[in-house]
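*Asks:* This is the structure, below, for whatever I ask next.
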Amino acid sequence: MRKFIVRTTIILIVIISLPLSFLIIRQLSNMTENEKIVKGVFDKQIETILYSLNQTSENVINQWVNRLDLPLDYNSDAQDKIVNFLFENNLAIDKVEFYDLSQHKYLFSRSRGDSIEYKSEIPDNKKIDELKKFLEDGYQRIESVRKNEYTTLIFLLKNREKNVLGTILIHTGTFIEQNLGPSIQQVAQQDFYINVTDRKLNSILYSVGPSSENFSNLHTLSSWYLPDIEFSIQLRSATIDSLVKERSQRDNYIFIAVLIIVLLGIVFVIISIRKEIYLSEMKSEFVSNVSHEIRTPLALISMYSETLLLKRVKTKEKESEYLNVIHLESQRLSEMVNRILSFSKMEKNKRTYHYSKMEVNDKIEEVIYTFSPHLKQMNVSYFVELSPENPAINADQEAIAECIINLLDNAIKYGNDTDKKIWIRTLMKGDNIQIDIEDNGIGIARKHQRRIFEKFYRVTKGNLAHKAKGTGLGLNIVKQIVDNHGGQIRVNSTLGTGSCFSLIFPVIK
């Protein structure tokens, strides 16, 4: 049966995995070639628009530099007129300076007002050498340095013997609004949302449409001449990318839902199959154990009764001994049948409990008195330590007695081979009474402790299954009885030392 179930499970997994594999491959290649081509064209157009904004800022800055880079006397009226013209027509410019690199002094410095006090930072020799090299190659490179809300443009003057450094201090936000604003408005029109963001100050300097935080399909490009400034753009309508993403997202949700359902189905089937295998094995073992348990007392009863009937007993002592064995085995057989019937009733929820006030100590003494002949016959030393209080609980007295007898029977079965000892204790725990039945037996491994209350479960390590006979129902019956009384059952056990089972019930106040 096990091989059949395993083979069925494998076939089921293979059948389910084939369409799932196809779906996964489809999901990984969900963007068709046409979609990729259209998306590529769209991305290039967007990049061209962002490039044009950078090109606009470059044209403006180059115009400023060209106006300043003339072979004029620094202190001449012509130089002042050029600078004043820049101030009047470009509100972003706050300061213009010329610095002589050979004499290490400022040759010219003009500000829009008195608000700008600091001098521009002079680059190190390495940066100046780079600017000179670019100038020798015919390219006038412009460097940028950010300081708070200002940007300093640094360049070498071509017409001043390549030894004069020019700097233009601009207000970054004003530059964008005055020089790039019209271009941004023209580009955006009714088609795009565009933001200009200062990443250094974490603020939006210029915006057409919502802020970039609300963009779902964002294209960005850093400014060439304005450090930490970033241009962001998005179509007002859905893009190819967003449409593909939306479709992919929808397909992914469907795929994930189907995958979860299939996986849950597989897990459920596997768990159900394993559970059925386990229950089948446990039931087979249960039937085998019960058959063996019943066969042994029946064989003894049959043998000794036949001996008595044939009058082969020579002495009265032997006759009495045989009758005692028949009586004990009959009791054992009766207890076994009653236990199975009790379990059957519990399984069908047909067992009824007759609750009444019960003094716990009195009931334990009664059970021990009844069970003591069996303890003596098995050479078990037992010790009773009852609480000085005699609390009462609301319980079915026969059911509680059944619990105690089951635990005593287990303590005998799994007790020490040479010197069996059992301790029966009661003690108060707040508003509860605790009944402890402890032995000095083989103990229970931790991995088995959480399962010993399952029906049919037995620890079968080594020769234990044959040494200690049982049906695997005793502890399960005890737990069900305790649960129906609103109590708890706990186990504290160490391998090789022994086990202590505790029954805890709420007392009647």
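Identifiers in the structure tokens: chain A, B, ... in order shown; residue index from 1 per chain; ligand index from 1 in order shown.
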Do a neighbour search on Glu130 in chain A at 12 Å with only C-alpha atoms, toss out local chain neighbours closer than 6 positions, and write the hits as a VMD selection string.

*Replies:* chain A and resid 123 to 124 136 to 137 139 to 143 155 to 156

*Asks:* With range 349-353 of chain A as the partner and 12 Å as the cut-off, tabulate the residues of range 410-487 of chain A that qualify, each row holding the nearest pair of atoms and their distance in Å to one decimal, using only C-alpha atoms, sorted by chain and rising number, as a tab-separated table.

*Replies:*
residue	atom	partner	partner_atom	distance
A:Ile477	CA	A:Arg351	CA	11.3
A:Gln480	CA	A:Arg351	CA	10.6
A:Ile481	CA	A:Tyr353	CA	9.1
A:Val482	CA	A:Tyr353	CA	11.5
A:Asn484	CA	A:Tyr353	CA	8.7
A:His485	CA	A:Tyr353	CA	9.2

*Asks:* Any idea what the distance is between CA of Leu407 in chain A and CA of Ser493 in chain A?

*Replies:*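 These two atoms are separated by 13.8 Å.
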
*Asks:* At a cut-off of 9 Å, using only C-alpha atoms, what residues contact Ile437 in chain A? Leave out same-chain residues fewer than 3 positions from it and give the result as a PDB file with N, CA and C atoms, in the first residue's frame.

*Replies:*
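Result saved to around_20.pdb:
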ATOM      1  N   ILE A 404      -6.518   7.383  37.017  1.00  0.00           N
ATOM      2  CA  ILE A 404      -5.468   7.024  37.981  1.00  0.00           C
ATOM      3  C   ILE A 404      -4.991   5.594  37.733  1.00  0.00           C
ATOM      4  N   LEU A 407      -2.723   5.381  34.695  1.00  0.00           N
ATOM      5  CA  LEU A 407      -1.378   5.899  34.959  1.00  0.00           C
ATOM      6  C   LEU A 407      -0.591   4.951  35.861  1.00  0.00           C
ATOM      7  N   LEU A 408      -1.259   4.338  36.830  1.00  0.00           N
ATOM      8  CA  LEU A 408      -0.576   3.349  37.686  1.00  0.00           C
ATOM      9  C   LEU A 408      -0.145   2.135  36.861  1.00  0.00           C
ATOM     10  N   ALA A 411       2.887   3.040  34.964  1.00  0.00           N
ATOM     11  CA  ALA A 411       4.043   3.135  35.860  1.00  0.00           C
ATOM     12  C   ALA A 411       4.600   1.750  36.164  1.00  0.00           C
ATOM     13  N   ILE A 422       6.703   3.574  42.914  1.00  0.00           N
ATOM     14  CA  ILE A 422       5.708   4.536  42.432  1.00  0.00           C
ATOM     15  C   ILE A 422       5.372   5.495  43.572  1.00  0.00           C
ATOM     16  N   TRP A 423       5.316   6.785  43.248  1.00  0.00           N
ATOM     17  CA  TRP A 423       4.920   7.806  44.214  1.00  0.00           C
ATOM     18  C   TRP A 423       3.582   8.404  43.771  1.00  0.00           C
ATOM     19  N   ILE A 424       2.621   8.413  44.682  1.00  0.00           N
ATOM     20  CA  ILE A 424       1.320   9.035  44.409  1.00  0.00           C
ATOM     21  C   ILE A 424       1.192  10.235  45.350  1.00  0.00           C
ATOM     22  N   ARG A 425       1.048  11.429  44.759  1.00  0.00           N
ATOM     23  CA  ARG A 425       1.001  12.655  45.569  1.00  0.00           C
ATOM     24  C   ARG A 425      -0.179  13.519  45.158  1.00  0.00           C
ATOM     25  N   SER A 499       9.377   8.918  34.981  1.00  0.00           N
ATOM     26  CA  SER A 499       8.387   9.859  34.471  1.00  0.00           C
ATOM     27  C   SER A 499       7.429  10.256  35.576  1.00  0.00           C
ATOM     28  N   CYS A 500       6.915  11.477  35.472  1.00  0.00           N
ATOM     29  CA  CYS A 500       5.909  11.960  36.408  1.00  0.00           C
ATOM     30  C   CYS A 500       4.762  12.556  35.604  1.00  0.00           C
ATOM     31  N   PHE A 501       3.580  11.964  35.721  1.00  0.00           N
ATOM     32  CA  PHE A 501       2.376  12.481  35.072  1.00  0.00           C
ATOM     33  C   PHE A 501       1.560  13.254  36.094  1.00  0.00           C
ATOM     34  N   SER A 502       1.123  14.451  35.708  1.00  0.00           N
ATOM     35  CA  SER A 502       0.374  15.318  36.627  1.00  0.00           C
ATOM     36  C   SER A 502      -1.004  15.588  36.046  1.00  0.00           C
ATOM     37  N   LEU A 503      -2.035  15.334  36.880  1.00  0.00           N
ATOM     38  CA  LEU A 503      -3.402  15.682  36.522  1.00  0.00           C
ATOM     39  C   LEU A 503      -3.801  16.902  37.342  1.00  0.00           C
TER      40      LEU A 503
END

*Asks:* Please identify all polymer residues within 10 Å of range 376-378 of chain A, counting only C-alpha atoms, omitting same-chain residues fewer than 4 positions from it, and present them as a list in words.

*Replies:*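 Listing them by chain and then by number gives Phe371, Ser372, Tyr382, Ile412, Lys413 and Lys420 of chain A.
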
*Asks:* Might you pull out every residue within 10 Å of range 103-107 of chain A, with only C-alpha atoms counted and same-chain residues fewer than 3 positions away left off, and present them as a count of residues only?

*Replies:* 13

*Asks:* What is the distance between CA of Ile508 in chain A and CA of Ile368 in chain A, in Å to one decimal?

*Replies:*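 For CA of Ile508 in chain A relative to CA of Ile368 in chain A, the distance reads 23.4 Å.
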
*Asks:* Considering only C-alpha atoms, can you say which of A:Asn159, A:Ser183, A:Thr152, A:Asn90 comes closest to Thr56 in chain A?

*Replies:*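 Comparing A:Asn159, A:Ser183, A:Thr152, A:Asn90 against Thr56 in chain A, the winner is A:Ser183.
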
*Asks:* Show me, as an MDAnalysis selection string, the residues that have an atom within 10 Å of range 312-327 of chain A when counting only C-alpha atoms, minus same-chain residues fewer than 6 positions from it.

*Replies:* chainID A and resid 297:298 300:306 333

*Asks:* Write out as a PyMOL selection string the set of residues from range 343-472 of chain A that DSSP, computed on the backbone, places in alpha helix (DSSP H).

*Replies:* chain A and resi 343-347+360-377+397-413+446-449+464-467

*Asks:* Please save C-alpha atoms of the selected residues as an mmCIF file, in the first residue's frame.

*Replies:*
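Done, and the output landed in again_17.cif:
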data_model
loop_
_atom_site.group_PDB
_atom_site.id
_atom_site.type_symbol
_atom_site.label_atom_id
_atom_site.label_comp_id
_atom_site.auth_asym_id
_atom_site.auth_seq_id
_atom_site.Cartn_x
_atom_site.Cartn_y
_atom_site.Cartn_z
ATOM 1 C CA PHE A 343 -12.323 4.687 23.643
ATOM 2 C CA SER A 344 -14.972 3.750 21.069
ATOM 3 C CA LYS A 345 -17.593 5.783 22.951
ATOM 4 C CA MET A 346 -15.256 8.762 23.158
ATOM 5 C CA GLU A 347 -14.538 8.588 19.442
ATOM 6 C CA VAL A 360 -9.695 13.839 45.760
ATOM 7 C CA ASN A 361 -7.706 12.291 48.643
ATOM 8 C CA ASP A 362 -10.532 9.918 49.530
ATOM 9 C CA LYS A 363 -10.859 8.762 45.932
ATOM 10 C CA ILE A 364 -7.110 8.140 45.599
ATOM 11 C CA GLU A 365 -7.070 6.070 48.802
ATOM 12 C CA GLU A 366 -10.007 4.055 47.489
ATOM 13 C CA VAL A 367 -8.287 3.387 44.136
ATOM 14 C CA ILE A 368 -5.003 2.408 45.842
ATOM 15 C CA TYR A 369 -6.841 0.049 48.199
ATOM 16 C CA THR A 370 -8.479 -1.667 45.223
ATOM 17 C CA PHE A 371 -5.282 -1.689 43.152
ATOM 18 C CA SER A 372 -2.879 -2.671 45.970
ATOM 19 C CA PRO A 373 -3.121 -6.478 45.430
ATOM 20 C CA HIS A 374 -1.980 -5.978 41.861
ATOM 21 C CA LEU A 375 0.870 -3.730 43.049
ATOM 22 C CA LYS A 376 2.001 -6.361 45.560
ATOM 23 C CA GLN A 377 1.781 -9.129 42.988
ATOM 24 C CA GLN A 397 -15.714 9.512 40.011
ATOM 25 C CA GLU A 398 -15.471 6.434 37.793
ATOM 26 C CA ALA A 399 -13.712 8.422 35.047
ATOM 27 C CA ILE A 400 -11.152 9.903 37.501
ATOM 28 C CA ALA A 401 -10.526 6.426 38.942
ATOM 29 C CA GLU A 402 -9.982 5.167 35.385
ATOM 30 C CA CYS A 403 -7.394 7.904 34.805
ATOM 31 C CA ILE A 404 -5.468 7.024 37.981
ATOM 32 C CA ILE A 405 -5.559 3.278 37.255
ATOM 33 C CA ASN A 406 -4.321 3.840 33.696
ATOM 34 C CA LEU A 407 -1.378 5.899 34.959
ATOM 35 C CA LEU A 408 -0.576 3.349 37.686
ATOM 36 C CA ASP A 409 -0.707 0.562 35.123
ATOM 37 C CA ASN A 410 1.758 2.466 32.886
ATOM 38 C CA ALA A 411 4.043 3.135 35.860
ATOM 39 C CA ILE A 412 4.180 -0.629 36.480
ATOM 40 C CA LYS A 413 4.732 -1.503 32.797
ATOM 41 C CA ARG A 446 11.562 14.529 24.612
ATOM 42 C CA LYS A 447 10.702 13.865 20.934
ATOM 43 C CA HIS A 448 8.030 11.343 22.028
ATOM 44 C CA GLN A 449 6.543 13.399 24.889
ATOM 45 C CA LEU A 464 10.093 -2.024 24.268
ATOM 46 C CA ALA A 465 7.043 -2.880 22.158
ATOM 47 C CA HIS A 466 7.338 -6.569 23.066
ATOM 48 C CA LYS A 467 8.479 -6.009 26.632
#

*Asks:* Ranking A:Asp77, A:Leu157, A:Gln178, A:Ala188 by minimum distance to Ile49 in chain A and counting only C-alpha atoms, which one comes first?

*Replies:* A:Ala188

*Asks:* Would you list, as a ChimeraX atom specification, the residues of range 43-193 of chain A that end up in strand (DSSP E or B) under DSSP run on this structure's backbone?

*Replies:* /A:93-100,105-111,143-147,150-156,164-171,192-193

*Asks:* The selected residues should be written to file as a short mmCIF file (atom, residue, chain, number, x, y, z; two decimals), in the first residue's frame (atoms: N, CA and C atoms).

*Replies:*
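Below is the file again19.cif, written as the result:
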data_model
loop_
_atom_site.label_atom_id
_atom_site.label_comp_id
_atom_site.auth_asym_id
_atom_site.auth_seq_id
_atom_site.Cartn_x
_atom_site.Cartn_y
_atom_site.Cartn_z
N ILE A 93 22.19 84.98 -11.62
CA ILE A 93 23.59 85.31 -11.37
C ILE A 93 23.69 86.27 -10.19
N ASP A 94 24.47 85.87 -9.18
CA ASP A 94 24.65 86.71 -7.99
C ASP A 94 26.06 87.27 -7.87
N LYS A 95 27.03 86.66 -8.54
CA LYS A 95 28.40 87.15 -8.38
C LYS A 95 29.27 86.69 -9.55
N VAL A 96 30.20 87.56 -9.97
CA VAL A 96 31.18 87.23 -11.02
C VAL A 96 32.55 87.62 -10.51
N GLU A 97 33.53 86.70 -10.65
CA GLU A 97 34.88 86.98 -10.18
C GLU A 97 35.89 86.44 -11.18
N PHE A 98 37.08 87.14 -11.24
CA PHE A 98 38.23 86.66 -12.01
C PHE A 98 39.39 86.53 -11.04
N TYR A 99 40.12 85.40 -11.15
CA TYR A 99 41.21 85.12 -10.21
C TYR A 99 42.47 84.80 -11.00
N ASP A 100 43.58 85.52 -10.67
CA ASP A 100 44.86 85.30 -11.34
C ASP A 100 45.57 84.13 -10.67
N LYS A 105 45.65 86.12 -6.76
CA LYS A 105 44.85 87.23 -6.24
C LYS A 105 43.64 87.43 -7.15
N TYR A 106 42.60 88.05 -6.60
CA TYR A 106 41.39 88.33 -7.36
C TYR A 106 41.63 89.60 -8.18
N LEU A 107 41.34 89.50 -9.48
CA LEU A 107 41.49 90.64 -10.38
C LEU A 107 40.18 91.42 -10.52
N PHE A 108 39.06 90.71 -10.30
CA PHE A 108 37.78 91.35 -10.52
C PHE A 108 36.73 90.65 -9.66
N SER A 109 35.84 91.39 -9.05
CA SER A 109 34.79 90.80 -8.23
C SER A 109 33.60 91.75 -8.20
N ARG A 110 32.46 91.28 -8.70
CA ARG A 110 31.23 92.07 -8.70
C ARG A 110 30.09 91.19 -8.19
N SER A 111 29.24 91.79 -7.32
CA SER A 111 28.08 91.08 -6.77
C SER A 111 26.82 91.83 -7.11
N GLU A 143 33.41 73.61 -14.89
CA GLU A 143 33.18 72.78 -13.71
C GLU A 143 32.12 73.44 -12.83
N SER A 144 31.45 72.60 -12.02
CA SER A 144 30.41 73.11 -11.12
C SER A 144 30.67 72.64 -9.71
N VAL A 145 30.41 73.52 -8.74
CA VAL A 145 30.55 73.18 -7.32
C VAL A 145 29.30 73.67 -6.60
N ARG A 146 28.63 72.77 -5.85
CA ARG A 146 27.43 73.15 -5.10
C ARG A 146 27.80 73.56 -3.68
N LYS A 147 27.11 74.59 -3.18
CA LYS A 147 27.21 74.99 -1.78
C LYS A 147 25.83 75.48 -1.35
N TYR A 150 23.36 77.41 -3.68
CA TYR A 150 24.12 78.08 -4.74
C TYR A 150 24.99 77.09 -5.49
N THR A 151 25.28 77.42 -6.75
CA THR A 151 26.20 76.65 -7.58
C THR A 151 27.23 77.61 -8.16
N THR A 152 28.50 77.23 -8.07
CA THR A 152 29.59 78.03 -8.64
C THR A 152 30.06 77.38 -9.93
N LEU A 153 30.04 78.17 -11.04
CA LEU A 153 30.54 77.71 -12.33
C LEU A 153 31.99 78.17 -12.46
N ILE A 154 32.91 77.26 -12.72
CA ILE A 154 34.35 77.56 -12.75
C ILE A 154 34.89 77.23 -14.14
N PHE A 155 35.67 78.16 -14.73
CA PHE A 155 36.20 77.96 -16.09
C PHE A 155 37.46 78.81 -16.26
N LEU A 156 38.31 78.43 -17.20
CA LEU A 156 39.49 79.22 -17.56
C LEU A 156 39.14 80.12 -18.75
N VAL A 164 43.88 82.90 -16.12
CA VAL A 164 42.88 83.59 -15.32
C VAL A 164 41.66 82.67 -15.17
N LEU A 165 41.25 82.50 -13.93
CA LEU A 165 40.11 81.63 -13.61
C LEU A 165 38.87 82.49 -13.42
N GLY A 166 37.82 82.15 -14.15
CA GLY A 166 36.56 82.88 -14.01
C GLY A 166 35.56 82.05 -13.21
N THR A 167 34.78 82.72 -12.37
CA THR A 167 33.74 82.03 -11.59
C THR A 167 32.45 82.83 -11.67
N ILE A 168 31.35 82.11 -11.81
CA ILE A 168 30.02 82.72 -11.81
C ILE A 168 29.21 82.02 -10.72
N LEU A 169 28.74 82.77 -9.73
CA LEU A 169 27.93 82.23 -8.65
C LEU A 169 26.46 82.42 -9.01
N ILE A 170 25.72 81.32 -9.06
CA ILE A 170 24.30 81.40 -9.44
C ILE A 170 23.44 80.78 -8.36
N HIS A 171 22.22 81.30 -8.23
CA HIS A 171 21.23 80.70 -7.35
C HIS A 171 20.55 79.58 -8.14
N PHE A 192 3.26 65.49 -20.79
CA PHE A 192 4.20 64.99 -19.79
C PHE A 192 4.01 65.67 -18.43
N TYR A 193 4.41 64.95 -17.40
CA TYR A 193 4.67 65.52 -16.08
C TYR A 193 6.18 65.62 -15.94
#

*Asks:* Taking only C-alpha atoms into account, which of A:Leu18, A:Val507, A:Met358, A:Leu101 comes nearest Asn125 in chain A?

*Replies:* A:Leu101

*Asks:* Residues within 7 Å of Ser356 in chain A, please, as JSON, numbers by chain. Count only C-alpha atoms; anything in the same chain fewer than 5 positions from it doesn't count.

*Replies:* {"A": [394, 395, 396]}

*Asks:* Those selected residues, please, written with N, CA and C atoms and delivered as a tab-separated table (two decimals), in the first residue's frame.

*Replies:*
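The resulting out_31.tsv:
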chain	number	residue	atom	x	y	z
A	394	ASN	N	-15.43	18.85	41.04
A	394	ASN	CA	-16.68	18.41	40.40
A	394	ASN	C	-16.28	17.44	39.29
A	395	ALA	N	-16.55	16.14	39.49
A	395	ALA	CA	-16.01	15.15	38.55
A	395	ALA	C	-16.87	13.90	38.51
A	396	ASP	N	-16.65	13.12	37.45
A	396	ASP	CA	-17.20	11.78	37.34
A	396	ASP	C	-16.22	10.85	38.05

*Asks:* One decimal, Å: what's the distance from CA of Glu385 in chain A over to CA of Met428 in chain A, could you say?

*Replies:*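 Pair CA of Glu385 in chain A / CA of Met428 in chain A returns 12.3 Å.
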